[in-house]
>>> print(open('final_15.txt').read())   # compact mmCIF, C-alpha atoms
# COMPACT_ATOMS: atom_id res chain seq x y z
CA ARG A 1 227.41 115.66 115.81
CA LYS A 2 229.59 112.70 116.47
CA THR A 3 228.54 109.09 116.85
CA THR A 4 231.96 107.74 117.79
CA LEU A 5 234.23 108.48 120.70
CA PRO A 6 237.89 109.58 120.44
CA GLY A 7 239.04 105.95 120.84
CA GLY A 8 236.92 104.92 117.85
CA GLY A 9 234.17 103.10 119.75
CA ALA A 10 230.53 103.78 119.01
CA ALA A 11 228.84 106.07 121.52
CA VAL A 12 225.92 104.47 123.37
CA VAL A 13 223.36 107.10 124.33
CA VAL A 14 221.45 106.30 127.53
CA LEU A 15 218.28 108.26 128.28
CA MET A 16 215.76 108.17 131.09
CA GLU A 17 212.17 107.34 130.17
CA GLY A 18 210.97 110.48 131.96
CA GLY A 19 211.03 112.22 135.32
CA ALA A 20 212.44 115.41 136.77
CA THR A 21 216.09 114.72 135.84
CA HIS A 22 215.15 113.89 132.26
CA ASN A 23 213.00 117.01 131.95
CA ALA A 24 215.80 119.17 133.38
CA PHE A 25 218.21 117.61 130.86
CA LEU A 26 215.84 118.38 127.98
CA SER A 27 215.04 121.95 128.94
CA GLY A 28 218.42 122.94 130.38
CA LEU A 29 220.88 121.32 127.99
CA VAL A 30 219.06 120.14 124.90
CA LYS A 31 216.65 123.10 124.72
CA LYS A 32 213.83 120.91 123.41
CA ASN A 33 210.59 119.67 124.87
CA SER A 34 209.88 115.95 125.10
CA SER A 35 207.95 115.83 121.82
CA GLN A 36 210.70 117.65 119.90
CA PHE A 37 213.37 115.40 121.39
CA ASP A 38 211.43 112.23 120.53
CA SER A 39 210.96 113.49 116.95
CA TYR A 40 214.70 114.13 116.68
CA TRP A 41 215.54 110.56 117.71
CA LYS A 42 212.91 109.07 115.39
CA LYS A 43 214.49 110.98 112.49
CA VAL A 44 218.02 109.86 113.46
CA ILE A 45 216.92 106.22 113.62
CA PHE A 46 214.79 106.36 110.45
CA THR A 47 217.54 107.98 108.36
CA GLY A 48 220.16 105.55 109.66
CA THR A 49 222.43 108.32 110.93
CA GLY A 50 222.45 106.93 114.45
CA ALA A 51 221.39 104.07 116.67
CA SER A 52 218.41 104.01 118.99
CA PRO A 53 219.25 105.18 122.50
CA ARG A 54 218.99 102.82 125.42
CA TYR A 55 216.23 103.81 127.85
CA VAL A 56 216.37 103.36 131.62
CA LYS A 57 213.76 103.95 134.29
CA GLY A 58 215.69 106.24 136.65
CA GLU A 59 218.96 107.45 138.10
CA ALA A 60 220.01 104.11 139.62
CA GLU A 61 219.59 102.34 136.26
CA MET A 62 221.34 105.24 134.48
CA LEU A 63 224.32 104.94 136.80
CA GLU A 64 224.55 101.18 136.28
CA ALA A 65 224.22 101.52 132.48
CA VAL A 66 226.99 104.11 132.29
CA LYS A 67 229.26 102.26 134.76
CA GLY A 68 228.81 99.04 132.81
CA ASN A 69 229.79 100.41 129.38
CA ALA A 70 232.85 102.59 128.78
CA ASN A 71 231.19 103.98 125.62
CA ALA A 72 227.93 104.95 127.33
CA ILE A 73 226.92 108.59 127.68
CA GLY A 74 224.14 109.57 130.06
CA TYR A 75 223.13 112.17 132.62
CA LEU A 76 222.51 112.35 136.35
CA ALA A 77 221.13 115.04 138.63
CA LYS A 78 224.40 115.17 140.59
CA ASP A 79 227.98 113.93 140.32
CA ASP A 80 228.80 110.36 141.23
CA ALA A 81 232.38 109.21 141.85
CA ALA A 82 231.62 105.89 140.13
CA VAL A 83 231.58 107.51 136.67
CA LYS A 84 233.47 110.25 134.88
CA THR A 85 231.72 113.60 135.06
CA VAL A 86 231.79 116.11 132.24
CA ALA A 87 230.63 119.59 133.20
CA ILE A 88 228.50 121.29 130.59
CA LYS A 89 228.23 125.05 130.79
>>> encode(input="final_15.txt", output="structure tokens")
Amino acid sequence: RKTTLPGGGAAVVVLMEGGATHNAFLSGLVKKNSSQFDSYWKKVIFTGTGASPRYVKGEAEMLEAVKGNANAIGYLAKDDAAVKTVAIK
């Protein structure tokens, strides 16, 4: 797992606090439930192997957070032309 991007900048992970899109992200991509995912991040932060993610309340805040930081990585329910989309299969 990488914590830096190809250009050398630190990746900023942006997560939603909850909701349907967040739950779909957890079950569909991460393959963890909310409790398992929270435990993972607590371990990452406690061991110093990564920084705490930034939390947003919903899709509009997620879009603004990712648009406003070239190093931010987040997720949306559907593509938006305002940000670069990476398809995960």
>>> atom_distance(input="final_15.txt", atom1="atom CA of A:Lys42", atom2="atom CA of A:Asn71")
21.6 Å
>>> residues_around(input="final_15.txt", residues="A:Ala11", least_positions_apart="2", cutoff="10 Å", atoms="all atoms listed in the file", output="PDB file with C-alpha atoms, in the frame of the given file")
ATOM      1  CA  LYS A   2     229.590 112.700 116.470  1.00  0.00           C
ATOM      2  CA  THR A   3     228.540 109.090 116.850  1.00  0.00           C
ATOM      3  CA  THR A   4     231.960 107.740 117.790  1.00  0.00           C
ATOM      4  CA  LEU A   5     234.230 108.480 120.700  1.00  0.00           C
ATOM      5  CA  PRO A   6     237.890 109.580 120.440  1.00  0.00           C
ATOM      6  CA  GLY A   8     236.920 104.920 117.850  1.00  0.00           C
ATOM      7  CA  GLY A   9     234.170 103.100 119.750  1.00  0.00           C
ATOM      8  CA  VAL A  13     223.360 107.100 124.330  1.00  0.00           C
ATOM      9  CA  VAL A  14     221.450 106.300 127.530  1.00  0.00           C
ATOM     10  CA  GLY A  50     222.450 106.930 114.450  1.00  0.00           C
ATOM     11  CA  ALA A  51     221.390 104.070 116.670  1.00  0.00           C
ATOM     12  CA  PRO A  53     219.250 105.180 122.500  1.00  0.00           C
ATOM     13  CA  ASN A  69     229.790 100.410 129.380  1.00  0.00           C
ATOM     14  CA  ALA A  70     232.850 102.590 128.780  1.00  0.00           C
ATOM     15  CA  ASN A  71     231.190 103.980 125.620  1.00  0.00           C
ATOM     16  CA  ALA A  72     227.930 104.950 127.330  1.00  0.00           C
ATOM     17  CA  ILE A  73     226.920 108.590 127.680  1.00  0.00           C
TER      18      ILE A  73
END
>>> residues_around(input="final_15.txt", residues="A:Leu76", least_positions_apart="2", cutoff="8 Å", atoms="only C-alpha atoms", output="MDAnalysis selection string")
chainID A and resid 21 59 62:63 74 78:79
>>> closest_residue(input="final_15.txt", among="A:Tyr75, A:Phe46, A:Trp41, A:Tyr55", to="A:Ala24", atoms="only C-alpha atoms")
A:Tyr75
>>> atom_distance(input="final_15.txt", atom1="atom CA of A:Tyr40", atom2="atom CA of A:Gly19")
19.1 Å
>>> atom_distance(input="final_15.txt", atom1="atom CA of A:Thr49", atom2="atom CA of A:Gln36")
17.5 Å
>>> residues_around(input="final_15.txt", residues="A:Lys84", least_positions_apart="2", cutoff="10 Å", atoms="all atoms listed in the file", output="short mmCIF file (atom, residue, chain, number, x, y, z; two decimals) with C-alpha atoms, keeping the file's coordinate frame")
data_model
loop_
_atom_site.label_atom_id
_atom_site.label_comp_id
_atom_site.auth_asym_id
_atom_site.auth_seq_id
_atom_site.Cartn_x
_atom_site.Cartn_y
_atom_site.Cartn_z
CA VAL A 66 226.99 104.11 132.29
CA LYS A 67 229.26 102.26 134.76
CA ALA A 70 232.85 102.59 128.78
CA ILE A 73 226.92 108.59 127.68
CA ASP A 79 227.98 113.93 140.32
CA ASP A 80 228.80 110.36 141.23
CA ALA A 81 232.38 109.21 141.85
CA ALA A 82 231.62 105.89 140.13
CA VAL A 86 231.79 116.11 132.24
CA ALA A 87 230.63 119.59 133.20
#
>>> residues_around(input="final_15.txt", residues="A:Asn23", least_positions_apart="3", cutoff="12 Å", atoms="only C-alpha atoms", output="PDB file with C-alpha atoms, in the coordinates of the input")
ATOM      1  CA  LEU A  15     218.280 108.260 128.280  1.00  0.00           C
ATOM      2  CA  MET A  16     215.760 108.170 131.090  1.00  0.00           C
ATOM      3  CA  GLU A  17     212.170 107.340 130.170  1.00  0.00           C
ATOM      4  CA  GLY A  18     210.970 110.480 131.960  1.00  0.00           C
ATOM      5  CA  GLY A  19     211.030 112.220 135.320  1.00  0.00           C
ATOM      6  CA  ALA A  20     212.440 115.410 136.770  1.00  0.00           C
ATOM      7  CA  LEU A  26     215.840 118.380 127.980  1.00  0.00           C
ATOM      8  CA  SER A  27     215.040 121.950 128.940  1.00  0.00           C
ATOM      9  CA  GLY A  28     218.420 122.940 130.380  1.00  0.00           C
ATOM     10  CA  LEU A  29     220.880 121.320 127.990  1.00  0.00           C
ATOM     11  CA  VAL A  30     219.060 120.140 124.900  1.00  0.00           C
ATOM     12  CA  LYS A  31     216.650 123.100 124.720  1.00  0.00           C
ATOM     13  CA  LYS A  32     213.830 120.910 123.410  1.00  0.00           C
ATOM     14  CA  ASN A  33     210.590 119.670 124.870  1.00  0.00           C
ATOM     15  CA  SER A  34     209.880 115.950 125.100  1.00  0.00           C
ATOM     16  CA  SER A  35     207.950 115.830 121.820  1.00  0.00           C
ATOM     17  CA  PHE A  37     213.370 115.400 121.390  1.00  0.00           C
ATOM     18  CA  TYR A  75     223.130 112.170 132.620  1.00  0.00           C
ATOM     19  CA  LEU A  76     222.510 112.350 136.350  1.00  0.00           C
ATOM     20  CA  ALA A  77     221.130 115.040 138.630  1.00  0.00           C
TER      21      ALA A  77
END
